[in-house]
>>> print(open('entry.cif').read())   # mmCIF, C-alpha atoms
data_work
#
loop_
_atom_site.label_atom_id
_atom_site.label_comp_id
_atom_site.auth_asym_id
_atom_site.auth_seq_id
_atom_site.Cartn_x
_atom_site.Cartn_y
_atom_site.Cartn_z
CA MET C 1 21.13 -88.80 -23.50
CA GLN C 2 24.39 -87.61 -21.92
CA ASN C 3 26.14 -84.34 -22.64
CA ILE C 4 28.95 -84.52 -25.20
CA ILE C 5 30.50 -81.42 -23.64
CA GLU C 6 29.77 -79.72 -20.33
CA LEU C 7 30.88 -76.24 -19.34
CA LYS C 8 31.58 -75.89 -15.63
CA ASN C 9 31.92 -72.42 -14.07
CA ILE C 10 33.59 -70.84 -17.09
CA GLY C 11 35.00 -67.36 -16.49
CA TYR C 12 36.84 -64.96 -18.77
CA SER C 13 38.05 -61.35 -18.54
CA TYR C 14 39.51 -58.87 -21.01
CA HIS C 15 42.73 -57.17 -19.93
CA SER C 16 44.07 -53.83 -21.11
CA LEU C 17 46.29 -51.03 -19.89
CA HIS C 18 43.18 -49.46 -18.37
CA GLY C 19 42.23 -52.46 -16.28
CA GLU C 20 40.23 -55.65 -16.36
CA THR C 21 36.71 -56.20 -17.73
CA THR C 22 34.93 -59.39 -16.71
CA ALA C 23 33.05 -60.82 -19.70
CA LEU C 24 31.90 -64.25 -18.48
CA GLN C 25 31.29 -65.44 -14.95
CA ASN C 26 30.40 -68.94 -13.68
CA ILE C 27 28.93 -70.12 -17.01
CA SER C 28 27.70 -73.70 -16.68
CA PHE C 29 25.62 -75.78 -19.09
CA GLY C 30 25.83 -78.98 -21.11
CA ILE C 31 25.21 -79.85 -24.76
CA ARG C 32 23.68 -83.21 -25.67
CA GLU C 33 24.58 -85.13 -28.79
CA GLY C 34 22.35 -84.12 -31.71
CA GLU C 35 20.92 -81.14 -29.82
CA PHE C 36 20.41 -77.68 -31.32
CA VAL C 37 21.08 -74.96 -28.74
CA ALA C 38 20.61 -71.22 -29.30
CA ILE C 39 22.42 -68.66 -27.14
CA VAL C 40 20.84 -65.22 -26.79
CA GLY C 41 21.65 -62.24 -24.63
CA PRO C 42 22.19 -58.47 -24.66
CA SER C 43 24.67 -57.02 -27.15
CA GLY C 44 28.20 -57.09 -25.80
CA CYS C 45 27.50 -59.65 -23.10
CA GLY C 46 30.17 -62.08 -24.34
CA LYS C 47 28.28 -64.55 -26.56
CA SER C 48 30.99 -64.66 -29.23
CA THR C 49 33.69 -64.90 -26.56
CA LEU C 50 31.91 -67.92 -25.11
CA LEU C 51 31.71 -69.55 -28.54
CA SER C 52 35.44 -68.95 -29.07
CA ILE C 53 36.15 -70.67 -25.76
CA ILE C 54 34.05 -73.67 -26.77
CA ALA C 55 35.90 -73.75 -30.11
CA GLY C 56 39.25 -73.76 -28.30
CA LEU C 57 40.33 -70.41 -29.74
CA LEU C 58 40.41 -68.84 -26.27
CA GLN C 59 41.35 -70.38 -22.95
CA PRO C 60 38.98 -69.72 -20.04
CA GLU C 61 40.55 -68.04 -17.02
CA SER C 62 38.49 -70.20 -14.70
CA GLY C 63 36.36 -73.30 -14.99
CA THR C 64 36.63 -76.36 -17.21
CA ILE C 65 34.98 -78.05 -20.19
CA ALA C 66 34.32 -81.75 -19.64
CA VAL C 67 34.06 -84.11 -22.62
CA ASN C 68 31.84 -87.18 -22.75
CA ASN C 69 32.21 -88.78 -26.18
CA PRO C 70 29.63 -91.48 -27.03
CA ASP C 71 32.48 -93.93 -27.76
CA GLY C 72 34.04 -93.28 -24.36
CA SER C 73 37.15 -91.57 -25.75
CA LEU C 74 38.58 -88.44 -24.15
CA HIS C 75 39.42 -86.42 -27.26
CA TYR C 76 37.71 -83.06 -27.72
CA PRO C 77 34.86 -83.20 -30.26
CA ARG C 78 35.76 -82.11 -33.78
CA VAL C 79 34.50 -78.54 -34.05
CA GLY C 80 33.28 -76.63 -37.10
CA TYR C 81 33.07 -72.85 -36.66
CA MET C 82 30.89 -70.77 -39.00
CA LEU C 83 31.23 -66.99 -38.64
CA GLN C 84 28.98 -64.06 -39.53
CA ARG C 85 30.69 -63.62 -42.91
CA ASP C 86 31.25 -66.42 -45.39
CA HIS C 87 34.98 -65.56 -45.87
CA LEU C 88 35.09 -67.22 -49.28
CA PHE C 89 38.15 -66.41 -51.38
CA GLU C 90 37.31 -64.71 -54.66
CA TRP C 91 40.36 -66.13 -56.45
CA ARG C 92 39.12 -69.68 -55.80
CA THR C 93 36.10 -71.31 -57.40
CA VAL C 94 33.17 -72.38 -55.25
CA TYR C 95 34.46 -75.96 -55.32
CA LYS C 96 38.01 -74.91 -54.42
CA ASN C 97 36.60 -72.90 -51.50
CA THR C 98 34.65 -75.87 -50.19
CA ILE C 99 37.73 -78.11 -50.09
CA LEU C 100 40.04 -75.49 -48.54
CA GLY C 101 39.85 -77.01 -45.06
CA LEU C 102 40.62 -80.45 -46.48
CA GLU C 103 43.68 -79.03 -48.24
CA ILE C 104 44.97 -77.31 -45.11
CA ASN C 105 44.52 -80.48 -43.04
CA ASN C 106 45.95 -82.83 -45.70
CA MET C 107 42.63 -84.68 -45.92
CA LEU C 108 42.03 -84.66 -49.69
CA THR C 109 40.96 -88.29 -49.76
CA GLU C 110 38.61 -89.80 -52.31
CA GLU C 111 36.01 -90.35 -49.58
CA ARG C 112 36.12 -86.72 -48.39
CA LEU C 113 35.97 -85.31 -51.92
CA SER C 114 33.05 -87.57 -52.72
CA TYR C 115 31.30 -86.21 -49.61
CA VAL C 116 31.86 -82.63 -50.81
CA ASP C 117 30.39 -83.55 -54.19
CA GLN C 118 27.32 -84.94 -52.43
CA LEU C 119 26.97 -81.82 -50.29
CA LEU C 120 27.19 -79.58 -53.36
CA PHE C 121 24.39 -81.61 -54.92
CA ASP C 122 22.26 -81.62 -51.75
CA TYR C 123 22.68 -77.85 -51.32
CA ASP C 124 21.84 -77.09 -54.99
CA LEU C 125 25.31 -75.72 -55.66
CA ASP C 126 26.64 -78.42 -57.96
CA LYS C 127 26.00 -76.43 -61.13
CA PHE C 128 27.84 -73.46 -59.57
CA ARG C 129 30.94 -75.39 -58.51
CA ASN C 130 33.17 -73.63 -61.08
CA LYS C 131 31.77 -70.14 -60.43
CA ARG C 132 33.46 -67.46 -58.34
CA PRO C 133 31.92 -66.31 -55.04
CA SER C 134 30.99 -62.93 -56.56
CA GLU C 135 28.67 -64.79 -58.93
CA LEU C 136 26.62 -66.26 -56.06
CA SER C 137 23.78 -64.80 -54.02
CA GLY C 138 24.27 -64.21 -50.30
CA GLY C 139 22.36 -67.35 -49.41
CA MET C 140 24.39 -69.46 -51.83
CA LYS C 141 27.62 -68.12 -50.34
CA GLN C 142 26.47 -69.19 -46.87
CA ARG C 143 25.67 -72.67 -48.20
CA ALA C 144 29.16 -72.87 -49.71
CA ALA C 145 30.67 -71.78 -46.38
CA LEU C 146 28.67 -74.46 -44.59
CA ILE C 147 29.88 -77.14 -47.02
CA ARG C 148 33.46 -76.03 -46.34
CA THR C 149 32.73 -76.50 -42.62
CA LEU C 150 30.94 -79.85 -42.98
CA ALA C 151 33.65 -81.26 -45.29
CA LEU C 152 35.83 -81.86 -42.21
CA ASP C 153 33.00 -83.90 -40.62
CA PRO C 154 32.75 -81.92 -37.35
CA GLN C 155 30.84 -83.41 -34.44
CA LEU C 156 29.94 -79.98 -33.05
CA LEU C 157 28.93 -77.01 -35.22
CA LEU C 158 29.32 -73.50 -33.81
CA LEU C 159 27.43 -70.78 -35.69
CA ASP C 160 28.04 -67.13 -34.77
CA GLU C 161 25.11 -65.21 -36.29
CA PRO C 162 25.74 -66.82 -39.69
CA PHE C 163 22.63 -65.32 -41.30
CA SER C 164 22.90 -61.74 -40.01
CA ALA C 165 24.32 -60.36 -43.28
CA LEU C 166 21.37 -61.62 -45.33
CA ASP C 167 18.17 -59.75 -46.10
CA TYR C 168 15.15 -60.85 -44.08
CA GLN C 169 13.48 -63.06 -46.69
CA THR C 170 16.73 -64.77 -47.66
CA ARG C 171 17.60 -65.18 -43.98
CA LEU C 172 14.33 -67.02 -43.32
CA MET C 173 14.82 -69.40 -46.22
CA VAL C 174 18.54 -70.03 -45.77
CA SER C 175 18.39 -70.54 -41.99
CA ALA C 176 15.54 -73.03 -42.37
CA ASP C 177 17.29 -74.84 -45.21
CA ILE C 178 20.71 -75.02 -43.58
CA CYS C 179 19.42 -76.14 -40.18
CA HIS C 180 17.27 -78.82 -41.82
CA LEU C 181 20.36 -80.15 -43.59
CA ILE C 182 22.43 -80.02 -40.39
CA ARG C 183 19.77 -82.02 -38.55
CA ASN C 184 19.68 -84.58 -41.35
CA ALA C 185 23.46 -84.92 -41.02
CA GLY C 186 22.99 -85.76 -37.32
CA LYS C 187 25.22 -82.93 -36.09
CA THR C 188 25.15 -81.08 -32.78
CA MET C 189 24.82 -77.29 -33.11
CA ILE C 190 25.22 -74.17 -31.01
CA ILE C 191 24.03 -70.96 -32.66
CA ILE C 192 24.34 -67.37 -31.46
CA THR C 193 21.58 -65.08 -32.64
CA HIS C 194 19.97 -61.76 -31.74
CA ASP C 195 16.76 -62.82 -33.52
CA LEU C 196 14.41 -64.30 -30.91
CA SER C 197 12.11 -65.77 -33.56
CA GLU C 198 15.08 -67.46 -35.18
CA ALA C 199 16.18 -68.91 -31.84
CA ILE C 200 12.73 -70.36 -31.13
CA SER C 201 12.25 -71.79 -34.61
CA LEU C 202 15.69 -73.44 -34.83
CA ALA C 203 16.58 -74.58 -31.32
CA ASP C 204 15.66 -77.45 -29.02
CA ARG C 205 16.79 -75.29 -26.09
CA ILE C 206 17.62 -71.62 -25.61
CA ILE C 207 20.25 -70.40 -23.15
CA VAL C 208 19.70 -66.80 -22.07
CA LEU C 209 22.76 -64.89 -20.89
CA SER C 210 22.59 -61.86 -18.63
CA ALA C 211 24.26 -58.53 -19.28
CA ARG C 212 28.04 -58.40 -18.75
CA PRO C 213 29.52 -60.01 -16.82
CA ALA C 214 27.42 -62.73 -18.42
CA THR C 215 25.95 -65.53 -16.39
CA VAL C 216 23.35 -68.10 -17.42
CA GLN C 217 20.14 -66.27 -16.60
CA THR C 218 17.84 -69.11 -17.61
CA GLU C 219 17.49 -72.09 -19.95
CA ILE C 220 14.28 -72.56 -21.93
CA PRO C 221 13.51 -75.94 -23.54
CA ILE C 222 11.47 -75.50 -26.73
CA THR C 223 8.58 -77.84 -27.53
CA LEU C 224 6.40 -76.87 -30.48
CA THR C 225 3.26 -78.61 -31.73
CA LEU C 226 3.86 -78.98 -35.45
CA GLN C 227 2.61 -81.08 -38.31
CA ASP C 228 5.39 -79.81 -40.55
CA ASN C 229 8.58 -80.01 -38.50
CA SER C 230 10.43 -77.14 -40.16
CA PRO C 231 11.82 -73.82 -38.87
CA LEU C 232 9.44 -71.86 -41.11
CA ALA C 233 6.39 -73.77 -39.86
CA ALA C 234 7.60 -73.30 -36.28
CA ARG C 235 6.69 -69.62 -36.42
CA ASN C 236 3.03 -70.60 -36.78
CA ALA C 237 3.03 -73.05 -33.89
CA PRO C 238 0.52 -72.20 -31.12
CA GLU C 239 3.31 -72.17 -28.51
CA PHE C 240 5.48 -69.72 -30.48
CA PRO C 241 4.05 -66.45 -29.02
CA PHE C 242 4.44 -67.81 -25.48
CA TYR C 243 8.14 -68.54 -25.98
CA PHE C 244 8.71 -65.20 -27.70
CA ASN C 245 7.09 -63.30 -24.81
CA GLN C 246 9.06 -65.33 -22.28
CA LEU C 247 12.35 -64.51 -24.01
CA TRP C 248 11.39 -60.86 -24.40
CA GLU C 249 10.66 -60.58 -20.69
CA GLU C 250 13.91 -62.35 -19.75
CA LEU C 251 15.98 -59.99 -21.92
CA THR C 252 14.18 -56.70 -21.24
CA GLY C 253 12.37 -57.21 -17.95
CA GLU C 254 9.21 -56.02 -19.69
CA LYS C 255 6.01 -57.95 -20.32
CA ARG C 256 4.90 -57.86 -23.96
CA GLU C 257 1.34 -57.87 -25.23
CA SER C 258 0.51 -61.06 -27.17
#
>>> encode(input="entry.cif", output="structure tokens")
Amino acid sequence: MQNIIELKNIGYSYHSLHGETTALQNISFGIREGEFVAIVGPSGCGKSTLLSIIAGLLQPESGTIAVNNPDGSLHYPRVGYMLQRDHLFEWRTVYKNTILGLEINNMLTEERLSYVDQLLFDYDLDKFRNKRPSELSGGMKQRAALIRTLALDPQLLLLDEPFSALDYQTRLMVSADICHLIRNAGKTMIIITHDLSEAISLADRIIVLSARPATVQTEIPITLTLQDNSPLAARNAPEFPFYFNQLWEELTGEKRES
């Protein structure tokens, strides 16, 4: 399967009165349609900057992003960007929050609204549609934020540590649930995470960035032997410790006891 987007020698620097700081240098990798890719790396290495470049919020100073749409068109894939915080508006109901993107883009069609209704049902939020965000748990807020993102039918989902604000147990459940639903929707996803276990359990491939200026240190395809193909079950797969130790060594330079 061909790449839907391909980064070629992407570079980016921050500029200030005190000088220039190179954040990204010669970043090259591709993303295949339907693939889940996790990006990990040391804190401050430029992971979020890279995601912003892929989203089109920042322009790279060097390099290009090539597009290969399955239908042969040249338009950039529709991108949905989910941040660390849910950014739901308290003065709007859950339902009104989920259709905010449709309102802004003048896309309040019967078909789109029907899709939102279906997502609310699928994500067990239908009975909370008229509640305010403050009446929801953290996991429910993240589901609402995801529905708002999916309502625009993005081809490529970018997730910047979307579960980091949740407690550990909720994070396990919500990340597994949301990624299962994203896979069922046939979307392509790039997720940034500091949690190595999360990266292994969610991704088809993990891209490891070096310390700043970040380069692609290695790419690790993930193949787990599972009867239950779910992110929670993945943590019990026999290959899981091997991948965890490999990632740990790549990031720290230290071997870890199994």
>>> closest_residue(input="entry.cif", among="C:Gln25, C:Ser52, C:Gln217, C:Thr252", to="Ile192 in chain C", atoms="all atoms listed in the file")
C:Ser52
>>> resolve_selection(input="entry.cif", expression="the PyMOL selection byres ((chain C and resi 158) around 8)", output="compact mmCIF listing (two decimals) with C-alpha atoms, in the coordinates of the input")
# COMPACT_ATOMS: atom_id res chain seq x y z
CA LEU C 51 31.71 -69.55 -28.54
CA ALA C 55 35.90 -73.75 -30.11
CA VAL C 79 34.50 -78.54 -34.05
CA GLY C 80 33.28 -76.63 -37.10
CA TYR C 81 33.07 -72.85 -36.66
CA MET C 82 30.89 -70.77 -39.00
CA LEU C 156 29.94 -79.98 -33.05
CA LEU C 157 28.93 -77.01 -35.22
CA LEU C 159 27.43 -70.78 -35.69
CA ASP C 160 28.04 -67.13 -34.77
CA MET C 189 24.82 -77.29 -33.11
CA ILE C 190 25.22 -74.17 -31.01
CA ILE C 191 24.03 -70.96 -32.66
>>> resolve_selection(input="entry.cif", expression="the PyMOL selection byres ((chain C and resi 201-215) around 6)", output="count of residues only")
25
>>> resolve_selection(input="entry.cif", expression="the PyMOL selection byres ((chain C and resi 177) around 10)", output="short mmCIF file (atom, residue, chain, number, x, y, z; two decimals) with C-alpha atoms, in the frame of the given file")
data_model
loop_
_atom_site.label_atom_id
_atom_site.label_comp_id
_atom_site.auth_asym_id
_atom_site.auth_seq_id
_atom_site.Cartn_x
_atom_site.Cartn_y
_atom_site.Cartn_z
CA TYR C 123 22.68 -77.85 -51.32
CA GLY C 139 22.36 -67.35 -49.41
CA ARG C 143 25.67 -72.67 -48.20
CA ARG C 171 17.60 -65.18 -43.98
CA LEU C 172 14.33 -67.02 -43.32
CA MET C 173 14.82 -69.40 -46.22
CA VAL C 174 18.54 -70.03 -45.77
CA SER C 175 18.39 -70.54 -41.99
CA ALA C 176 15.54 -73.03 -42.37
CA ILE C 178 20.71 -75.02 -43.58
CA CYS C 179 19.42 -76.14 -40.18
CA HIS C 180 17.27 -78.82 -41.82
CA LEU C 181 20.36 -80.15 -43.59
CA ILE C 182 22.43 -80.02 -40.39
CA SER C 230 10.43 -77.14 -40.16
CA PRO C 231 11.82 -73.82 -38.87
CA LEU C 232 9.44 -71.86 -41.11
#
>>> atom_distance(input="entry.cif", atom1="CA of His87 in chain C", atom2="CA of Arg32 in chain C")
29.1 Å
>>> atom_distance(input="entry.cif", atom1="CA of Glu90 in chain C", atom2="CA of Gln169 in chain C")
25.2 Å
>>> residues_near_point(input="entry.cif", point="(26.9, -69.7, -54.1)", cutoff="10 Å", atoms="all atoms listed in the file", output="list in words")
Leu88, Thr93, Val94, Tyr95, Leu120, Tyr123, Asp124, Leu125, Asp126, Lys127, Phe128, Arg129, Lys131, Arg132, Pro133, Ser134, Glu135, Leu136, Ser137, Gly138, Gly139, Met140, Lys141, Gln142, Arg143, Ala144 and Ala145 of chain C
>>> atom_distance(input="entry.cif", atom1="CA of Thr98 in chain C", atom2="CA of Phe121 in chain C")
12.7 Å
>>> residues_around(input="entry.cif", residues="Glu161 in chain C", least_positions_apart="4", cutoff="10 Å", atoms="only C-alpha atoms", output="PyMOL selection string")
chain C and resi 48+82-85+165+191-195
>>> write_last_selection(input="entry.cif", atoms="C-alpha atoms", output="CSV table (one decimal), in the coordinates of the input")
chain,number,residue,atom,x,y,z
C,48,SER,CA,31.0,-64.7,-29.2
C,82,MET,CA,30.9,-70.8,-39.0
C,83,LEU,CA,31.2,-67.0,-38.6
C,84,GLN,CA,29.0,-64.1,-39.5
C,85,ARG,CA,30.7,-63.6,-42.9
C,165,ALA,CA,24.3,-60.4,-43.3
C,191,ILE,CA,24.0,-71.0,-32.7
C,192,ILE,CA,24.3,-67.4,-31.5
C,193,THR,CA,21.6,-65.1,-32.6
C,194,HIS,CA,20.0,-61.8,-31.7
C,195,ASP,CA,16.8,-62.8,-33.5
>>> closest_residue(input="entry.cif", among="C:Glu6, C:Phe29, C:Asp122, C:Gly19", to="Asn68 in chain C", atoms="only C-alpha atoms")
C:Glu6
>>> residues_around(input="entry.cif", residues="Asn3 in chain C", least_positions_apart="3", cutoff="12 Å", atoms="only C-alpha atoms", output="ChimeraX atom specification")
/C:6-7,29-35,65-70,77,156,188
>>> closest_residue(input="entry.cif", among="C:Ile4, C:Thr170, C:Glu103, C:Gln118", to="Leu152 in chain C", atoms="all atoms listed in the file")
C:Glu103
>>> axis_aligned_box(input="entry.cif", around="range 120-129 of chain C", padding_each_side="4 Å", output="AutoDock Vina command-line options")
--center_x 26.4 --center_y -77.5 --center_z -56.2 --size_x 17.1 --size_y 16.2 --size_z 17.8
>>> residues_around(input="entry.cif", residues="Asn9 in chain C", least_positions_apart="6", cutoff="8 Å", atoms="all atoms listed in the file", output="PyMOL selection string")
chain C and resi 25-28+62-64
>>> write_last_selection(input="entry.cif", atoms="C-alpha atoms", output="compact mmCIF listing (two decimals), in the frame of the given file")
# COMPACT_ATOMS: atom_id res chain seq x y z
CA GLN C 25 31.29 -65.44 -14.95
CA ASN C 26 30.40 -68.94 -13.68
CA ILE C 27 28.93 -70.12 -17.01
CA SER C 28 27.70 -73.70 -16.68
CA SER C 62 38.49 -70.20 -14.70
CA GLY C 63 36.36 -73.30 -14.99
CA THR C 64 36.63 -76.36 -17.21
>>> closest_residue(input="entry.cif", among="C:Arg92, C:Arg183, C:Arg148, C:His75", to="Leu113 in chain C", atoms="all atoms listed in the file")
C:Arg148
